[in-house]
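Structure file target.cif (mmCIF, C-alpha atoms and all ligand atoms) is printed below.
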```cif
data_work
#
loop_
_atom_site.label_atom_id
_atom_site.label_comp_id
_atom_site.auth_asym_id
_atom_site.auth_seq_id
_atom_site.Cartn_x
_atom_site.Cartn_y
_atom_site.Cartn_z
CA MET F 13 111.03 5.59 -157.43
CA THR F 14 112.67 2.19 -157.77
CA VAL F 15 115.40 1.82 -155.17
CA PRO F 16 118.75 1.38 -156.96
CA PHE F 17 120.58 0.53 -153.72
CA ASP F 18 121.12 -2.75 -151.90
CA PHE F 19 121.55 -2.50 -148.13
CA SER F 20 120.87 -6.15 -147.39
CA GLY F 21 123.00 -7.39 -144.49
CA GLN F 22 123.28 -3.87 -143.09
CA ASN F 23 121.86 -2.52 -139.84
CA VAL F 24 120.36 0.97 -139.88
CA LEU F 25 119.28 2.89 -136.78
CA VAL F 26 117.10 5.98 -137.31
CA ILE F 27 116.68 8.32 -134.35
CA GLY F 28 113.35 10.12 -134.54
CA GLY F 29 112.42 7.54 -137.19
CA THR F 30 108.76 7.16 -136.27
CA SER F 31 107.20 9.94 -138.36
CA GLY F 32 107.70 12.38 -141.21
CA ILE F 33 111.00 12.67 -143.02
CA ASN F 34 112.88 10.27 -140.75
CA LEU F 35 110.25 7.54 -141.12
CA GLY F 36 110.50 8.08 -144.89
CA ILE F 37 114.26 7.50 -144.62
CA ALA F 38 113.72 4.38 -142.51
CA GLN F 39 111.27 3.06 -145.12
CA GLY F 40 113.78 3.74 -147.89
CA PHE F 41 116.47 1.67 -146.15
CA ALA F 42 113.94 -1.07 -145.27
CA LYS F 43 112.85 -1.38 -148.92
CA ALA F 44 116.55 -1.61 -149.85
CA GLY F 45 116.94 -4.66 -147.60
CA ALA F 46 118.49 -3.23 -144.41
CA LYS F 47 117.48 -4.29 -140.91
CA LEU F 48 115.96 -1.32 -139.12
CA GLY F 49 115.78 0.19 -135.67
CA VAL F 50 113.81 3.33 -134.80
CA ILE F 51 113.82 5.41 -131.63
CA SER F 52 111.45 8.17 -130.46
CA ARG F 53 109.57 9.17 -127.31
CA SER F 54 106.04 7.99 -128.07
CA GLN F 55 105.57 4.23 -127.64
CA GLU F 56 102.47 4.47 -129.85
CA LYS F 57 104.45 6.02 -132.72
CA VAL F 58 107.26 3.49 -132.23
CA ASP F 59 104.81 0.58 -132.46
CA ALA F 60 103.14 1.99 -135.59
CA ALA F 61 106.50 2.56 -137.30
CA VAL F 62 107.71 -0.96 -136.49
CA THR F 63 104.49 -2.41 -137.92
CA LEU F 64 104.99 -0.40 -141.13
CA LEU F 65 108.68 -1.27 -141.49
CA SER F 66 108.09 -4.94 -140.72
CA LYS F 67 106.24 -5.24 -144.04
CA HIS F 68 109.66 -4.95 -145.69
CA THR F 69 112.25 -6.18 -143.19
CA ASP F 70 113.18 -7.05 -139.60
CA ALA F 71 112.50 -3.97 -137.50
CA MET F 72 112.98 -3.08 -133.85
CA GLY F 73 111.64 -0.04 -132.02
CA PHE F 74 112.56 1.73 -128.79
CA SER F 75 110.85 4.46 -126.81
CA ALA F 76 113.45 6.94 -125.53
CA ASP F 77 114.12 10.67 -125.34
CA VAL F 78 117.37 11.86 -126.99
CA ARG F 79 117.83 14.19 -124.00
CA ASP F 80 118.24 11.15 -121.73
CA TYR F 81 121.79 9.80 -122.25
CA GLU F 82 121.26 6.61 -120.25
CA ALA F 83 118.08 5.73 -122.15
CA ILE F 84 119.70 6.30 -125.57
CA ASP F 85 122.79 4.37 -124.50
CA SER F 86 120.63 1.45 -123.41
CA CYS F 87 118.57 1.14 -126.63
CA THR F 88 121.55 1.78 -128.93
CA ARG F 89 123.38 -1.01 -127.11
CA GLU F 90 120.39 -3.37 -127.30
CA PHE F 91 119.97 -2.78 -131.07
CA SER F 92 123.69 -3.23 -131.75
CA GLU F 93 124.21 -6.28 -129.56
CA HIS F 94 121.15 -7.94 -131.10
CA LEU F 95 122.39 -7.39 -134.67
CA GLY F 96 126.16 -7.20 -134.11
CA SER F 97 126.84 -3.59 -135.12
CA ILE F 98 125.44 -0.41 -136.64
CA ASP F 99 126.28 0.29 -140.29
CA VAL F 100 124.22 3.46 -140.78
CA LEU F 101 123.04 5.88 -138.11
CA VAL F 102 120.53 8.61 -138.99
CA SER F 103 120.10 11.30 -136.33
CA GLY F 104 116.92 13.25 -137.04
CA ALA F 105 115.02 13.86 -133.79
CA ALA F 106 114.08 17.53 -133.56
CA GLY F 107 111.65 19.98 -132.07
CA ASN F 108 110.40 23.27 -133.46
CA PHE F 109 107.87 26.00 -132.80
CA PRO F 110 107.82 29.48 -134.27
CA ALA F 111 108.46 32.14 -131.63
CA ALA F 112 110.28 35.45 -131.45
CA ALA F 113 113.31 35.39 -129.17
CA ASN F 114 111.66 37.85 -126.80
CA ALA F 115 108.53 35.66 -126.60
CA MET F 116 110.50 32.55 -125.76
CA SER F 117 111.53 31.49 -122.26
CA ALA F 118 115.06 30.25 -121.61
CA ASN F 119 113.49 26.83 -121.17
CA GLY F 120 111.85 27.04 -124.60
CA PHE F 121 115.23 27.83 -126.19
CA LYS F 122 116.85 25.08 -124.13
CA ALA F 123 114.24 22.47 -125.12
CA VAL F 124 115.16 22.80 -128.80
CA MET F 125 118.91 23.02 -128.12
CA ASP F 126 118.68 19.89 -125.96
CA ILE F 127 116.68 17.85 -128.49
CA ASP F 128 118.42 18.94 -131.70
CA LEU F 129 122.02 19.64 -130.67
CA LEU F 130 122.76 17.90 -127.37
CA GLY F 131 120.51 15.04 -128.55
CA THR F 132 122.55 14.62 -131.74
CA PHE F 133 125.80 14.60 -129.74
CA GLN F 134 124.42 12.03 -127.30
CA VAL F 135 123.12 9.76 -130.06
CA LEU F 136 126.44 9.85 -131.93
CA ARG F 137 128.43 9.41 -128.73
CA CYS F 138 126.37 6.36 -127.71
CA ALA F 139 126.57 4.79 -131.20
CA TYR F 140 130.30 5.39 -131.81
CA SER F 141 131.68 2.10 -130.53
CA PHE F 142 129.13 0.13 -132.62
CA LEU F 143 129.81 2.18 -135.77
CA LYS F 144 133.60 2.03 -135.51
CA LYS F 145 134.58 0.06 -138.62
CA PRO F 146 135.29 0.80 -142.29
CA GLY F 147 132.18 1.53 -144.36
CA SER F 148 129.97 3.00 -141.63
CA ALA F 149 127.98 6.16 -142.25
CA VAL F 150 126.32 8.77 -140.06
CA ILE F 151 123.70 11.12 -141.51
CA ASN F 152 122.57 14.07 -139.42
CA ILE F 153 119.31 15.74 -140.44
CA SER F 154 119.93 19.46 -140.45
CA ALA F 155 117.78 22.35 -141.76
CA PRO F 156 118.25 25.53 -143.82
CA GLN F 157 118.13 27.47 -140.52
CA ALA F 158 121.65 26.11 -139.88
CA PHE F 159 123.16 28.58 -142.32
CA GLN F 160 120.37 31.03 -143.14
CA PRO F 161 119.08 33.20 -140.29
CA MET F 162 115.30 33.18 -140.00
CA GLU F 163 113.04 35.29 -137.81
CA MET F 164 111.03 33.36 -135.16
CA GLN F 165 113.64 30.58 -135.33
CA ALA F 166 116.55 31.71 -133.11
CA HIS F 167 116.52 28.41 -131.19
CA VAL F 168 116.43 26.22 -134.33
CA CYS F 169 119.05 28.33 -136.16
CA ALA F 170 121.44 28.01 -133.20
CA ALA F 171 120.78 24.30 -132.71
CA LYS F 172 121.02 23.20 -136.35
CA ALA F 173 124.16 25.31 -136.93
CA GLY F 174 125.64 23.31 -134.07
CA VAL F 175 124.49 20.05 -135.66
CA ASP F 176 126.35 20.90 -138.88
CA MET F 177 129.48 21.75 -136.90
CA LEU F 178 129.25 18.37 -135.18
CA THR F 179 129.03 16.81 -138.65
CA ARG F 180 132.22 18.56 -139.73
CA VAL F 181 134.23 17.94 -136.58
CA LEU F 182 133.26 14.28 -136.26
CA ALA F 183 133.97 13.71 -139.96
CA MET F 184 137.52 14.76 -139.09
CA GLU F 185 137.79 12.84 -135.82
CA TRP F 186 136.20 9.62 -137.10
CA GLY F 187 137.55 9.51 -140.67
CA LEU F 188 140.43 7.16 -139.87
CA GLU F 189 138.03 4.85 -138.03
CA GLY F 190 136.17 4.39 -141.34
CA ILE F 191 133.07 6.35 -140.31
CA ARG F 192 131.80 8.98 -142.76
CA VAL F 193 129.66 11.76 -141.27
CA ASN F 194 127.43 13.99 -143.41
CA SER F 195 124.40 16.27 -143.00
CA ILE F 196 121.31 16.39 -145.19
CA VAL F 197 119.53 19.74 -145.26
CA PRO F 198 115.94 19.13 -146.32
CA GLY F 199 114.09 21.99 -147.97
CA PRO F 200 110.33 22.38 -147.50
CA ILE F 201 108.99 18.82 -147.42
CA SER F 202 105.26 18.47 -147.96
CA ASP F 203 102.97 16.65 -145.54
CA THR F 204 105.31 16.94 -142.54
CA GLU F 205 105.00 18.27 -139.00
CA GLY F 206 107.84 20.69 -139.64
CA MET F 207 106.09 22.38 -142.56
CA ALA F 208 102.75 22.36 -140.76
CA ARG F 209 104.38 24.36 -137.95
CA LEU F 210 106.34 26.78 -140.16
CA ALA F 211 103.70 27.41 -142.82
CA PRO F 212 100.41 26.81 -141.01
CA THR F 213 98.10 28.42 -143.60
CA GLU F 214 97.29 27.46 -147.18
CA LYS F 215 98.50 30.88 -148.29
CA MET F 216 101.88 30.35 -146.61
CA GLN F 217 102.18 26.88 -148.14
CA GLN F 218 101.55 28.33 -151.60
CA ALA F 219 104.09 31.10 -151.03
CA VAL F 220 106.68 28.53 -149.98
CA THR F 221 106.01 26.40 -153.06
CA ALA F 222 106.30 29.47 -155.31
CA SER F 223 109.66 30.36 -153.71
CA VAL F 224 111.31 27.04 -154.61
CA PRO F 225 113.36 27.29 -157.84
CA LEU F 226 112.24 23.78 -158.89
CA GLY F 227 108.62 24.89 -158.37
CA ARG F 228 107.48 22.26 -155.89
CA GLN F 229 107.85 21.20 -152.29
CA GLY F 230 109.98 18.13 -151.70
CA THR F 231 108.75 14.67 -150.81
CA LYS F 232 109.91 12.30 -148.10
CA ASP F 233 111.21 10.05 -150.90
CA ASP F 234 113.44 12.90 -152.12
CA ILE F 235 115.17 12.92 -148.74
CA ALA F 236 115.25 9.12 -148.43
CA ASP F 237 116.91 8.88 -151.85
CA ALA F 238 119.64 11.31 -150.76
CA ALA F 239 120.16 9.42 -147.50
CA LEU F 240 120.55 6.09 -149.31
CA PHE F 241 123.05 7.66 -151.70
CA LEU F 242 125.11 9.21 -148.86
CA ALA F 243 125.19 5.90 -146.97
CA SER F 244 126.11 3.88 -150.08
CA PRO F 245 129.52 3.00 -151.54
CA LEU F 246 128.79 5.55 -154.31
CA ALA F 247 129.47 8.21 -151.65
CA SER F 248 132.55 6.51 -150.19
CA TYR F 249 134.76 9.62 -150.64
CA ILE F 250 132.14 12.05 -149.26
CA THR F 251 132.45 13.07 -145.62
CA GLY F 252 131.87 16.31 -143.74
CA ALA F 253 129.43 17.45 -146.45
CA ILE F 254 126.36 19.54 -145.74
CA LEU F 255 124.03 18.54 -148.58
CA PRO F 256 120.95 20.67 -149.32
CA VAL F 257 118.12 18.57 -150.80
CA ASP F 258 115.77 21.46 -151.31
CA GLY F 259 114.95 22.16 -154.96
CA GLY F 260 117.24 25.20 -154.70
CA TRP F 261 115.12 26.79 -151.93
CA SER F 262 118.11 27.88 -149.87
CA LEU F 263 119.45 29.90 -152.81
CA SER F 264 116.85 32.62 -152.31
CA GLY F 265 113.34 31.61 -151.28
CA PHE F 266 113.88 30.47 -147.72
CA SER F 267 114.31 33.87 -146.04
CA SER F 268 110.80 35.06 -146.98
CA LEU F 269 109.25 32.49 -144.64
CA GLY F 270 110.64 34.22 -141.53
CA ASN F 271 109.03 37.49 -142.60
CA ALA F 272 105.70 35.75 -143.15
CA LEU F 273 105.85 34.06 -139.73
CA LYS F 274 106.69 37.37 -138.07
CA ALA F 275 103.77 39.10 -139.79
CA LYS F 276 101.44 36.34 -138.60
CA SER F 277 102.70 36.40 -135.00
CA PRO F 278 100.56 38.18 -132.38
CA THR F 279 103.71 39.42 -130.58
N1 LIG Y 1 106.12 29.38 -128.18
C1 LIG Y 1 106.94 29.69 -127.15
N2 LIG Y 1 107.40 28.76 -126.26
C2 LIG Y 1 107.02 27.49 -126.45
C3 LIG Y 1 106.17 27.09 -127.49
C4 LIG Y 1 105.71 28.11 -128.40
N3 LIG Y 1 104.92 27.81 -129.44
N4 LIG Y 1 105.99 25.76 -127.42
C5 LIG Y 1 106.69 25.32 -126.35
N5 LIG Y 1 107.31 26.37 -125.76
C6 LIG Y 1 108.11 26.34 -124.53
C7 LIG Y 1 107.26 25.92 -123.36
O1 LIG Y 1 106.46 27.00 -122.87
C8 LIG Y 1 108.33 25.47 -122.36
O2 LIG Y 1 108.92 26.57 -121.71
P1 LIG Y 1 108.47 26.98 -120.18
O3 LIG Y 1 108.76 25.78 -119.35
O4 LIG Y 1 109.34 28.15 -119.87
O5 LIG Y 1 107.01 27.32 -120.26
C9 LIG Y 1 109.40 24.89 -123.28
O6 LIG Y 1 109.12 25.35 -124.60
C10 LIG Y 1 109.35 23.37 -123.30
O7 LIG Y 1 108.04 22.98 -123.60
P2 LIG Y 1 107.50 21.51 -123.30
O8 LIG Y 1 106.15 21.39 -123.92
O9 LIG Y 1 107.66 21.19 -121.86
O10 LIG Y 1 108.62 20.67 -124.09
P3 LIG Y 1 108.63 19.19 -124.56
O11 LIG Y 1 109.95 18.69 -124.27
O12 LIG Y 1 107.44 18.42 -124.08
O13 LIG Y 1 108.39 19.37 -126.17
C11 LIG Y 1 108.77 20.83 -128.06
C12 LIG Y 1 109.39 19.93 -126.99
C13 LIG Y 1 108.27 22.11 -127.40
C14 LIG Y 1 109.88 21.17 -129.05
C15 LIG Y 1 107.55 20.16 -128.75
O14 LIG Y 1 107.03 21.04 -129.71
C16 LIG Y 1 107.88 18.83 -129.41
O15 LIG Y 1 107.89 17.79 -128.76
N6 LIG Y 1 108.17 18.83 -130.75
C17 LIG Y 1 108.48 17.60 -131.52
C18 LIG Y 1 107.80 17.59 -132.87
C19 LIG Y 1 108.27 18.72 -133.75
O16 LIG Y 1 108.55 19.83 -133.31
N7 LIG Y 1 108.33 18.40 -135.06
C20 LIG Y 1 108.87 19.31 -136.06
C21 LIG Y 1 110.33 19.03 -136.26
S1 LIG Y 1 110.99 20.22 -137.38
P1 LIG Y 2 108.44 15.04 -137.19
O1 LIG Y 2 107.54 14.13 -137.96
O2 LIG Y 2 107.89 15.73 -136.00
O3 LIG Y 2 109.74 14.21 -136.79
C1 LIG Y 2 110.44 14.38 -135.59
C2 LIG Y 2 110.72 13.00 -135.00
O4 LIG Y 2 111.58 13.15 -133.88
C3 LIG Y 2 109.46 12.28 -134.52
O5 LIG Y 2 109.60 10.90 -134.82
C4 LIG Y 2 109.49 12.49 -133.01
O6 LIG Y 2 108.79 11.40 -132.38
C5 LIG Y 2 111.00 12.50 -132.75
N1 LIG Y 2 111.39 13.26 -131.57
C6 LIG Y 2 111.08 14.56 -131.27
N2 LIG Y 2 111.62 14.90 -130.09
C7 LIG Y 2 112.28 13.80 -129.64
C8 LIG Y 2 113.05 13.53 -128.47
N3 LIG Y 2 113.21 14.46 -127.52
N4 LIG Y 2 113.61 12.30 -128.34
C9 LIG Y 2 113.44 11.34 -129.29
N5 LIG Y 2 112.72 11.54 -130.41
C10 LIG Y 2 112.15 12.76 -130.58
O7 LIG Y 2 109.03 16.20 -138.12
P2 LIG Y 2 109.61 16.35 -139.61
O8 LIG Y 2 109.07 17.62 -140.12
O9 LIG Y 2 109.48 15.12 -140.40
O10 LIG Y 2 111.17 16.63 -139.28
C11 LIG Y 2 112.14 15.58 -139.29
C12 LIG Y 2 113.54 16.16 -139.36
O11 LIG Y 2 113.69 16.91 -140.57
C13 LIG Y 2 113.89 17.11 -138.23
O12 LIG Y 2 115.26 16.92 -137.87
C14 LIG Y 2 113.69 18.48 -138.86
O13 LIG Y 2 114.46 19.48 -138.23
C15 LIG Y 2 114.17 18.22 -140.27
N6 LIG Y 2 113.67 19.15 -141.29
C16 LIG Y 2 112.34 19.12 -141.64
C17 LIG Y 2 111.89 19.94 -142.66
C18 LIG Y 2 110.46 19.87 -143.14
O14 LIG Y 2 110.12 20.44 -144.18
N7 LIG Y 2 109.59 19.16 -142.46
C19 LIG Y 2 112.77 20.85 -143.29
C20 LIG Y 2 114.10 20.88 -142.87
C21 LIG Y 2 114.54 20.02 -141.87
P3 LIG Y 2 108.23 11.49 -130.86
O15 LIG Y 2 107.26 12.61 -130.81
O16 LIG Y 2 107.63 10.12 -130.65
O17 LIG Y 2 109.41 11.69 -129.97
#
```

What does the file become when written as structure tokens?
Amino acid sequence: MTVPFDFSGQNVLVIGGTSGINLGIAQGFAKAGAKLGVISRSQEKVDAAVTLLSKHTDAMGFSADVRDYEAIDSCTREFSEHLGSIDVLVSGAAGNFPAAANAMSANGFKAVMDIDLLGTFQVLRCAYSFLKKPGSAVINISAPQAFQPMEMQAHVCAAKAGVDMLTRVLAMEWGLEGIRVNSIVPGPISDTEGMARLAPTEKMQQAVTASVPLGRQGTKDDIADAALFLASPLASYITGAILPVDGGWSLSGFSSLGNALKAKSPT
């Protein structure tokens, strides 16, 4: 759709912004005139994302793991000192694999907790001093697992519930600094790694689509549009919100996916 927002003069840093939903968000801000930074582990993905974003705006990329505080601190600082500040921070790095709790090692559980939850804390903690001014916005990318239990997803449910609590607590702590903090909860978004992992067969994809009240899976643009709105002055009185952008999926359809994954699992 045509972008109705103008982010020219603003600096947007998207963590995990080199593929899927987060890259879609980065592209949305780039098309709206913002200067962009993206961070993820793979240098190859970082380079490809910067090439794509550079078609629209100035873009910088950094290879770092959100589990490594020093590395995130260093690239957040480099981005901010180069451009002067951060106006919008999107924290969306995440890991997922379907596994029953009793088929998952403690290290498997910890990997997802460390990327999704500790990683979000570290990213926000490192960015705070560069965000601290009226008009700044943080958007955490959550998931329906944050509030709806799902079989084969104990690690993700625990981690994303924590992410939404960070959203709420930091909205309170940072409100007087001028920083708004919100979560977006994407529903099933087509053509993404997340959906490929959670609904790996055509039959499961069709069942997911049929379980969405609006009758379709979401697009990356659907999530980008919501992110631009939440970061814009139109949302200037919205903080601490957990916003589902899911075609109504979380109202009823979501829970059937856990059953389907469990039925498919060899364990
Ligand atoms: N079932 C059970 N355990 C699994 C697993 C699976 N399908 N996949 C990984 N694990 C376990 C590993 O066995 C390991 O535990 P162990 O050391 O006890 O054997 C632990 O998870 C960490 O795995 P590792 O591959 O070392 O982690 P990593 O840090 O390289 O990768 C992941 C993290 C596992 C989350 C990986 O899937 C990833 O990088 N994902 C990013 C992309 C993604 O998930 N996108 C969708 C976002 S919704
Ligand atoms: P994706 O393409 O795999 O995106 C994940 C991004 O995070 C990648 O850029 C990845 O790049 C980066 N990343 C992963 N681990 C990292 C780490 N340790 N440090 C730094 N970066 C890391 O998946 P997606 O499906 O689009 O998901 C994006 C977000 O949306 C996630 O937060 C997910 O939970 C959420 N979500 C997705 C859906 C869906 O339908 N897909 C639904 C609800 C919520 P590298 O591999 O280079 O690190």

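Restricting the calculation to all atoms listed in the file, the smallest distance between F:Val24 and any of F:Ser86, F:Ser264, F:Ser97, F:Ser66 is found for F:Ser97.
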
Q) Rounded to one decimal in Å, what is the spacing between atom C3 of ligand LIG 2 (chain Y) and atom CA of F:Leu143? A)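 Distance reported for this atom pair: 22.8 Å.
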
Q. Quick one: residues within 6 Å of ligand LIG 1 (chain Y), with only C-alpha atoms and all ligand atoms, as a PyMOL selection string?
A. chain F and resi 106-111+116-117+119-120+123-124+205-206

Would you mind listing what lies within 9 Å of stretch 225-239 of chain F as an mmCIF file with C-alpha atoms, in the frame of the given file, with all atoms listed in the file counted and same-chain residues fewer than 4 positions away left out?
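Final output, around36.cif:
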```
data_model
loop_
_atom_site.group_PDB
_atom_site.id
_atom_site.type_symbol
_atom_site.label_atom_id
_atom_site.label_comp_id
_atom_site.auth_asym_id
_atom_site.auth_seq_id
_atom_site.Cartn_x
_atom_site.Cartn_y
_atom_site.Cartn_z
ATOM 1 C CA MET F 13 111.030 5.590 -157.430
ATOM 2 C CA VAL F 15 115.400 1.820 -155.170
ATOM 3 C CA GLY F 32 107.700 12.380 -141.210
ATOM 4 C CA ILE F 33 111.000 12.670 -143.020
ATOM 5 C CA ASN F 34 112.880 10.270 -140.750
ATOM 6 C CA LEU F 35 110.250 7.540 -141.120
ATOM 7 C CA GLY F 36 110.500 8.080 -144.890
ATOM 8 C CA ILE F 37 114.260 7.500 -144.620
ATOM 9 C CA ALA F 38 113.720 4.380 -142.510
ATOM 10 C CA GLN F 39 111.270 3.060 -145.120
ATOM 11 C CA GLY F 40 113.780 3.740 -147.890
ATOM 12 C CA PHE F 41 116.470 1.670 -146.150
ATOM 13 C CA VAL F 102 120.530 8.610 -138.990
ATOM 14 C CA ILE F 151 123.700 11.120 -141.510
ATOM 15 C CA ILE F 196 121.310 16.390 -145.190
ATOM 16 C CA VAL F 197 119.530 19.740 -145.260
ATOM 17 C CA PRO F 198 115.940 19.130 -146.320
ATOM 18 C CA GLY F 199 114.090 21.990 -147.970
ATOM 19 C CA PRO F 200 110.330 22.380 -147.500
ATOM 20 C CA ILE F 201 108.990 18.820 -147.420
ATOM 21 C CA SER F 202 105.260 18.470 -147.960
ATOM 22 C CA ASP F 203 102.970 16.650 -145.540
ATOM 23 C CA THR F 204 105.310 16.940 -142.540
ATOM 24 C CA VAL F 220 106.680 28.530 -149.980
ATOM 25 C CA THR F 221 106.010 26.400 -153.060
ATOM 26 C CA ALA F 243 125.190 5.900 -146.970
ATOM 27 C CA SER F 244 126.110 3.880 -150.080
ATOM 28 C CA LEU F 255 124.030 18.540 -148.580
ATOM 29 C CA VAL F 257 118.120 18.570 -150.800
ATOM 30 C CA ASP F 258 115.770 21.460 -151.310
ATOM 31 C CA GLY F 259 114.950 22.160 -154.960
ATOM 32 C CA GLY F 260 117.240 25.200 -154.700
ATOM 33 C CA TRP F 261 115.120 26.790 -151.930
ATOM 34 C CA LEU F 263 119.450 29.900 -152.810
ATOM 35 C CA SER F 264 116.850 32.620 -152.310
ATOM 36 C CA GLY F 265 113.340 31.610 -151.280
#
```

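Residues in contact with F:Val181 at 12 Å, where only C-alpha atoms are counted and same-chain residues fewer than 5 positions away are skipped, are listed as Phe133, Gly174, Val175, Asp176, Trp186, Gly187, Arg192, Val193, Asn194, Ser195, Thr251, Gly252 and Ala253 of chain F.
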
Q: Give me, please, the distance in Å between atom CA of F:Val50 and atom CA of F:Val62, quoted to one decimal.
A: 7.6 Å

**Q.** Polymer residues at most 9 Å from (117.2, -8.0, -140.6) by all atoms listed in the file, as a list in words
**A.**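 Applying the cut-off with all atoms listed in the file, one gets Ser20, Gly21, Gln22, Asn23, Ala42, Gly45, Ala46, Lys47, Leu48, Thr69, Asp70, Ala71 and Leu95 of chain F.
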
Q: Please tell me which residues are no farther than 10 Å from (125.2, 11.8, -123.0) in the file, counting only C-alpha atoms, and write them as a VMD selection string.
A: chain F and resid 78 to 85 130 to 138

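Atom pair atom O13 of ligand LIG 2 (chain Y) / atom CA of F:Glu163: separated by 15.9 Å.
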
**Q.** Nearest to ligand LIG 2 (chain Y) by atom-to-atom distance, counting all atoms listed in the file, from F:Leu101, F:Ala211, F:Ile27, F:Met72
**A.**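 Nearest to ligand LIG 2 (chain Y): F:Ile27.
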
**Q.** Residues near F:Met216, cut-off 12 Å, only C-alpha atoms, skip fewer than 6 positions along chain, as an MDAnalysis selection string
**A.** chainID F and resid 200 207:210 222:223 268:273 275:276

(Q) Just checking: using all atoms listed in the file, which residue out of F:Arg180, F:Lys172, F:Lys122, F:Arg89 ends up closest to ligand LIG 2 (chain Y)? (A)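 Going through F:Arg180, F:Lys172, F:Lys122, F:Arg89 one by one, the smallest distance to ligand LIG 2 (chain Y) is for F:Lys172.
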
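The residue set within 10 Å of F:Ala170, counting only C-alpha atoms and dropping same-chain residues fewer than 4 places from it, reads Phe121, Val124, Met125, Asp128, Leu129, Gln157, Ala158, Phe159, Pro161, Gln165, Ala166, Gly174 and Val175 of chain F.
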
With C-alpha atoms retained, could you export that selection as a PDB file, in the frame of the given file?
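Contents of selection-v3.pdb, as written:
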```pdb
ATOM      1  CA  PHE F 121     115.230  27.830-126.190  1.00  0.00           C
ATOM      2  CA  VAL F 124     115.160  22.800-128.800  1.00  0.00           C
ATOM      3  CA  MET F 125     118.910  23.020-128.120  1.00  0.00           C
ATOM      4  CA  ASP F 128     118.420  18.940-131.700  1.00  0.00           C
ATOM      5  CA  LEU F 129     122.020  19.640-130.670  1.00  0.00           C
ATOM      6  CA  GLN F 157     118.130  27.470-140.520  1.00  0.00           C
ATOM      7  CA  ALA F 158     121.650  26.110-139.880  1.00  0.00           C
ATOM      8  CA  PHE F 159     123.160  28.580-142.320  1.00  0.00           C
ATOM      9  CA  PRO F 161     119.080  33.200-140.290  1.00  0.00           C
ATOM     10  CA  GLN F 165     113.640  30.580-135.330  1.00  0.00           C
ATOM     11  CA  ALA F 166     116.550  31.710-133.110  1.00  0.00           C
ATOM     12  CA  GLY F 174     125.640  23.310-134.070  1.00  0.00           C
ATOM     13  CA  VAL F 175     124.490  20.050-135.660  1.00  0.00           C
TER      14      VAL F 175
END
```

Q: Tell me which protein, DNA and RNA residues are within 10 Å of F:Cys87, counting all atoms listed in the file, leaving out same-chain ones fewer than 5 positions away, and put them as a PyMOL selection string.
A: chain F and resi 49-51+73-76+82+92-93+138-139

Please produce a file of those selected residues containing C-alpha atoms, as an mmCIF file, in the frame of the given file.
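The new file out29.cif reads:
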```cif
data_model
loop_
_atom_site.group_PDB
_atom_site.id
_atom_site.type_symbol
_atom_site.label_atom_id
_atom_site.label_comp_id
_atom_site.auth_asym_id
_atom_site.auth_seq_id
_atom_site.Cartn_x
_atom_site.Cartn_y
_atom_site.Cartn_z
ATOM 1 C CA GLY F 49 115.780 0.190 -135.670
ATOM 2 C CA VAL F 50 113.810 3.330 -134.800
ATOM 3 C CA ILE F 51 113.820 5.410 -131.630
ATOM 4 C CA GLY F 73 111.640 -0.040 -132.020
ATOM 5 C CA PHE F 74 112.560 1.730 -128.790
ATOM 6 C CA SER F 75 110.850 4.460 -126.810
ATOM 7 C CA ALA F 76 113.450 6.940 -125.530
ATOM 8 C CA GLU F 82 121.260 6.610 -120.250
ATOM 9 C CA SER F 92 123.690 -3.230 -131.750
ATOM 10 C CA GLU F 93 124.210 -6.280 -129.560
ATOM 11 C CA CYS F 138 126.370 6.360 -127.710
ATOM 12 C CA ALA F 139 126.570 4.790 -131.200
#
```

Q: Kindly indicate which residue among F:Ala60, F:Val26, F:Ile153, F:Ala118 lies nearest to ligand LIG 2 (chain Y), using all atoms listed in the file for the distances.
A: F:Ile153

**Q.** Nearest-residue call for ligand LIG 2 (chain Y), choices F:Leu65, F:Leu25, F:Ala105, F:Val168, using all atoms listed in the file
**A.**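 Selected residue with least distance to ligand LIG 2 (chain Y): F:Ala105.
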
Using the structure block above, produce a file of stretch 23-29 of chain F that contains N, CA and C atoms, as a PDB file, in the first residue's frame.
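Result went into part-v7.pdb, see below:
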```
ATOM      1  N   ASN F  23      15.957   8.089  12.661  1.00  0.00           N
ATOM      2  CA  ASN F  23      16.886   6.960  12.607  1.00  0.00           C
ATOM      3  C   ASN F  23      16.230   5.734  13.229  1.00  0.00           C
ATOM      4  N   VAL F  24      16.161   4.663  12.451  1.00  0.00           N
ATOM      5  CA  VAL F  24      15.435   3.463  12.889  1.00  0.00           C
ATOM      6  C   VAL F  24      16.395   2.278  12.895  1.00  0.00           C
ATOM      7  N   LEU F  25      16.484   1.600  14.032  1.00  0.00           N
ATOM      8  CA  LEU F  25      17.363   0.433  14.157  1.00  0.00           C
ATOM      9  C   LEU F  25      16.496  -0.805  14.360  1.00  0.00           C
ATOM     10  N   VAL F  26      16.654  -1.793  13.471  1.00  0.00           N
ATOM     11  CA  VAL F  26      15.818  -3.001  13.524  1.00  0.00           C
ATOM     12  C   VAL F  26      16.703  -4.209  13.847  1.00  0.00           C
ATOM     13  N   ILE F  27      16.469  -4.784  15.014  1.00  0.00           N
ATOM     14  CA  ILE F  27      17.280  -5.924  15.441  1.00  0.00           C
ATOM     15  C   ILE F  27      16.635  -7.196  14.887  1.00  0.00           C
ATOM     16  N   GLY F  28      17.443  -8.006  14.206  1.00  0.00           N
ATOM     17  CA  GLY F  28      16.883  -9.141  13.476  1.00  0.00           C
ATOM     18  C   GLY F  28      16.255  -8.680  12.168  1.00  0.00           C
ATOM     19  N   GLY F  29      16.721  -7.517  11.666  1.00  0.00           N
ATOM     20  CA  GLY F  29      16.053  -6.899  10.507  1.00  0.00           C
ATOM     21  C   GLY F  29      16.566  -7.356   9.161  1.00  0.00           C
TER      22      GLY F  29
END
```
